[in-house]
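J.: First the structure, then my questions, so here it is.
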Amino acid sequence: FRVVDYKTGNKDFCLDDIYYGIGLQMLIYMYSVEQNGEAFGQNRQSAGVLYMPARRVSVRTDGDEKNLQKELAKTLRMKGIVLDDPTVTNAMDPTHCGLYMPFSFKQDGTLSVSKSLASLEFFGKTRKEIKRLLLEMGTALTQGQITCNPLDPSGTGEDACAYCDYKAVCPNNGDKPHEKIPKLSSATEKELLRGGDFHEIQSHRETETSH
């Protein structure tokens, strides 16, 4: 099974969010169904999470109908992560046309390399890491640890405090700079997708940074 979130705005999916423990909502939904969704059958296996555009779009073309459809499909392509398994990808795109999916097929029917395809080990490691993070967050909250630490995950200068429900009682008056989240390297992303251990990768990155 997969979880699809319909978005009226622009929403991207990136491994950085998972690695740093932010933007986990969709994955929490998926693993909750996997663990507790008996109504959906036995032996449930997570197949991925996808953001599906649900908005009016407009594109510019040279007037050619084929180019128009191609540009529309590109704009309406879903973003997310999918289990790298032929049974799953063939079921999601049985005609191998590549429309709307975050992955594509080669002429011989095999999958092209994509950052949207992850191993079964990745899903297992991610499930374990999210459980650890939720326990850690819950424990911190019950102990009154509510730090003022605004983030700028995209590195674009976005004001994370602009729409905060607790702005009126927050000690931050806007002077505290937003922490930027460093982007993962291609090598780190590949290691994660293959099912690399989160903590081993983090330790390796910290060692490289210190040197």
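Letters A, B, ... mark the chains of the structure tokens in the order given; residue numbers begin at 1 per chain; ligand numbers begin at 1, in order shown.
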For A:Arg56, please output as a PyMOL selection string all residues within 10 Å (counting only C-alpha atoms; exclusion window: fewer than 2 positions along the same chain).
T.: chain A and resi 8-9+53-54+58+76
J.: Just write the chosen residues, N, CA and C atoms, as a PDB file, in the first residue's frame.
T.:
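Produced file result10.pdb, reproduced below:
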```pdb
ATOM      1  N   THR A   8      -2.408  21.338  -2.727  1.00  0.00           N
ATOM      2  CA  THR A   8      -2.828  22.446  -3.573  1.00  0.00           C
ATOM      3  C   THR A   8      -1.676  23.421  -3.808  1.00  0.00           C
ATOM      4  N   GLY A   9      -0.614  23.294  -3.013  1.00  0.00           N
ATOM      5  CA  GLY A   9       0.571  24.133  -3.199  1.00  0.00           C
ATOM      6  C   GLY A   9       1.728  23.311  -3.733  1.00  0.00           C
ATOM      7  N   PRO A  53       0.013  16.669  -6.882  1.00  0.00           N
ATOM      8  CA  PRO A  53      -0.494  18.022  -7.124  1.00  0.00           C
ATOM      9  C   PRO A  53      -2.005  18.003  -7.332  1.00  0.00           C
ATOM     10  N   ALA A  54      -2.703  18.871  -6.616  1.00  0.00           N
ATOM     11  CA  ALA A  54      -4.163  18.978  -6.760  1.00  0.00           C
ATOM     12  C   ALA A  54      -4.494  20.450  -6.951  1.00  0.00           C
ATOM     13  N   SER A  58      -0.757  25.873 -15.341  1.00  0.00           N
ATOM     14  CA  SER A  58      -0.674  26.414 -16.698  1.00  0.00           C
ATOM     15  C   SER A  58       0.756  26.263 -17.183  1.00  0.00           C
ATOM     16  N   LEU A  76       2.585  18.003 -13.309  1.00  0.00           N
ATOM     17  CA  LEU A  76       1.706  17.242 -12.416  1.00  0.00           C
ATOM     18  C   LEU A  76       2.354  15.955 -11.894  1.00  0.00           C
TER      19      LEU A  76
END
```
J.: Quick one: everything within 9 Å of A:Arg77, counting only C-alpha atoms, minus sequence neighbours fewer than 4 positions away in the same chain. Send it as a list of chain:residue names.
T.: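 My list of contacting residues is A:Tyr51, A:Met52, A:Pro53, A:Leu72, A:Ala73, A:Leu99, A:Tyr100, A:Met101, A:Pro102.
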J.: Give me, as CSV, the closest atom pair and its distance (Å, one decimal) for every residue of stretch 83-189 of chain A within a cut-off of 9 Å of stretch 25-45 of chain A, counting only C-alpha atoms, rows sorted by chain and rising number.
T.:
```
residue,atom,partner,partner_atom,distance
A:Thr126,CA,A:Leu27,CA,8.5
A:Arg127,CA,A:Tyr31,CA,6.7
A:Ile130,CA,A:Ile28,CA,7.5
A:Lys131,CA,A:Ile28,CA,8.8
```
J.: Tell me which protein, DNA and RNA residues are within 12 Å of A:Leu15, counting only C-alpha atoms, leaving out same-chain ones fewer than 3 positions away, and put them as a PyMOL selection string.
T.: chain A and resi 12+18-24+27+79-81+115-118+122+126+153+181-186+188-193+198
J.: For the strand (DSSP E) assignment from backbone DSSP, which residues of chain A qualify? Please present them as a list in words.
T.: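 Matching residues for strand (DSSP E) in chain A are Arg2, Val3, Val4, Asp5, Tyr6, Lys7, Gly48, Val49, Leu50, Tyr51, Met52, Pro53, Lys79, Gly80, Ile81, Val82, Leu83, Leu117, Ala118, Leu151, Asp152, Glu179 and Lys180 of chain A.
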J.: Write out the residues from the selection above, keeping N, CA, C and O atoms, as an mmCIF file, in the first residue's frame.
T.:
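Just written: selection38.cif:
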```
data_model
loop_
_atom_site.group_PDB
_atom_site.id
_atom_site.type_symbol
_atom_site.label_atom_id
_atom_site.label_comp_id
_atom_site.auth_asym_id
_atom_site.auth_seq_id
_atom_site.Cartn_x
_atom_site.Cartn_y
_atom_site.Cartn_z
ATOM 1 N N ARG A 2 0.298 2.313 -0.469
ATOM 2 C CA ARG A 2 1.007 3.593 -0.464
ATOM 3 C C ARG A 2 0.084 4.655 0.139
ATOM 4 O O ARG A 2 -1.130 4.503 0.160
ATOM 5 N N VAL A 3 0.693 5.739 0.592
ATOM 6 C CA VAL A 3 -0.058 6.863 1.142
ATOM 7 C C VAL A 3 0.135 8.046 0.199
ATOM 8 O O VAL A 3 1.264 8.388 -0.161
ATOM 9 N N VAL A 4 -0.975 8.655 -0.221
ATOM 10 C CA VAL A 4 -0.930 9.785 -1.146
ATOM 11 C C VAL A 4 -1.514 11.014 -0.457
ATOM 12 O O VAL A 4 -2.595 10.957 0.126
ATOM 13 N N ASP A 5 -0.790 12.109 -0.530
ATOM 14 C CA ASP A 5 -1.219 13.374 0.050
ATOM 15 C C ASP A 5 -1.466 14.357 -1.093
ATOM 16 O O ASP A 5 -0.556 14.644 -1.874
ATOM 17 N N TYR A 6 -2.699 14.855 -1.204
ATOM 18 C CA TYR A 6 -3.052 15.782 -2.276
ATOM 19 C C TYR A 6 -2.685 17.201 -1.849
ATOM 20 O O TYR A 6 -3.136 17.680 -0.810
ATOM 21 N N LYS A 7 -1.863 17.863 -2.637
ATOM 22 C CA LYS A 7 -1.355 19.180 -2.288
ATOM 23 C C LYS A 7 -1.837 20.249 -3.275
ATOM 24 O O LYS A 7 -1.666 20.103 -4.481
ATOM 25 N N GLY A 48 5.328 3.089 -0.262
ATOM 26 C CA GLY A 48 5.795 4.434 -0.542
ATOM 27 C C GLY A 48 4.834 5.527 -0.125
ATOM 28 O O GLY A 48 3.688 5.273 0.260
ATOM 29 N N VAL A 49 5.313 6.757 -0.194
ATOM 30 C CA VAL A 49 4.503 7.942 0.071
ATOM 31 C C VAL A 49 4.675 8.906 -1.100
ATOM 32 O O VAL A 49 5.773 9.045 -1.649
ATOM 33 N N LEU A 50 3.587 9.556 -1.487
ATOM 34 C CA LEU A 50 3.620 10.437 -2.653
ATOM 35 C C LEU A 50 2.828 11.712 -2.399
ATOM 36 O O LEU A 50 1.742 11.669 -1.811
ATOM 37 N N TYR A 51 3.380 12.831 -2.843
ATOM 38 C CA TYR A 51 2.654 14.090 -2.868
ATOM 39 C C TYR A 51 2.085 14.257 -4.273
ATOM 40 O O TYR A 51 2.822 14.266 -5.256
ATOM 41 N N MET A 52 0.749 14.378 -4.351
ATOM 42 C CA MET A 52 0.112 14.519 -5.657
ATOM 43 C C MET A 52 -0.414 15.954 -5.826
ATOM 44 O O MET A 52 -1.192 16.430 -5.003
ATOM 45 N N PRO A 53 0.013 16.669 -6.882
ATOM 46 C CA PRO A 53 -0.494 18.022 -7.124
ATOM 47 C C PRO A 53 -2.005 18.003 -7.332
ATOM 48 O O PRO A 53 -2.532 17.192 -8.087
ATOM 49 N N LYS A 79 5.652 13.610 -6.339
ATOM 50 C CA LYS A 79 6.957 13.585 -5.689
ATOM 51 C C LYS A 79 6.861 12.713 -4.442
ATOM 52 O O LYS A 79 5.873 12.754 -3.724
ATOM 53 N N GLY A 80 7.905 11.954 -4.209
ATOM 54 C CA GLY A 80 7.871 11.087 -3.047
ATOM 55 C C GLY A 80 8.914 10.005 -3.129
ATOM 56 O O GLY A 80 9.925 10.136 -3.818
ATOM 57 N N ILE A 81 8.633 8.918 -2.432
ATOM 58 C CA ILE A 81 9.582 7.798 -2.414
ATOM 59 C C ILE A 81 8.804 6.495 -2.505
ATOM 60 O O ILE A 81 7.730 6.356 -1.917
ATOM 61 N N VAL A 82 9.335 5.560 -3.290
ATOM 62 C CA VAL A 82 8.625 4.323 -3.609
ATOM 63 C C VAL A 82 9.555 3.135 -3.405
ATOM 64 O O VAL A 82 10.762 3.224 -3.642
ATOM 65 N N LEU A 83 8.980 2.019 -2.988
ATOM 66 C CA LEU A 83 9.749 0.792 -2.797
ATOM 67 C C LEU A 83 10.297 0.311 -4.135
ATOM 68 O O LEU A 83 9.564 0.175 -5.113
ATOM 69 N N LEU A 117 13.466 5.952 -5.572
ATOM 70 C CA LEU A 117 13.360 4.507 -5.347
ATOM 71 C C LEU A 117 14.232 4.101 -4.167
ATOM 72 O O LEU A 117 15.408 4.443 -4.105
ATOM 73 N N ALA A 118 13.636 3.378 -3.229
ATOM 74 C CA ALA A 118 14.362 2.992 -2.016
ATOM 75 C C ALA A 118 14.215 1.502 -1.752
ATOM 76 O O ALA A 118 13.212 0.886 -2.115
ATOM 77 N N LEU A 151 13.931 26.787 12.192
ATOM 78 C CA LEU A 151 14.714 26.174 11.129
ATOM 79 C C LEU A 151 14.406 26.809 9.775
ATOM 80 O O LEU A 151 13.323 27.344 9.556
ATOM 81 N N ASP A 152 15.355 26.695 8.897
ATOM 82 C CA ASP A 152 15.189 27.084 7.500
ATOM 83 C C ASP A 152 15.670 25.905 6.665
ATOM 84 O O ASP A 152 16.764 25.924 6.096
ATOM 85 N N GLU A 179 18.181 28.361 11.798
ATOM 86 C CA GLU A 179 19.254 27.394 11.537
ATOM 87 C C GLU A 179 19.060 26.777 10.157
ATOM 88 O O GLU A 179 17.977 26.300 9.822
ATOM 89 N N LYS A 180 20.110 26.785 9.364
ATOM 90 C CA LYS A 180 20.042 26.187 8.033
ATOM 91 C C LYS A 180 20.420 24.715 8.109
ATOM 92 O O LYS A 180 21.346 24.338 8.821
#
```
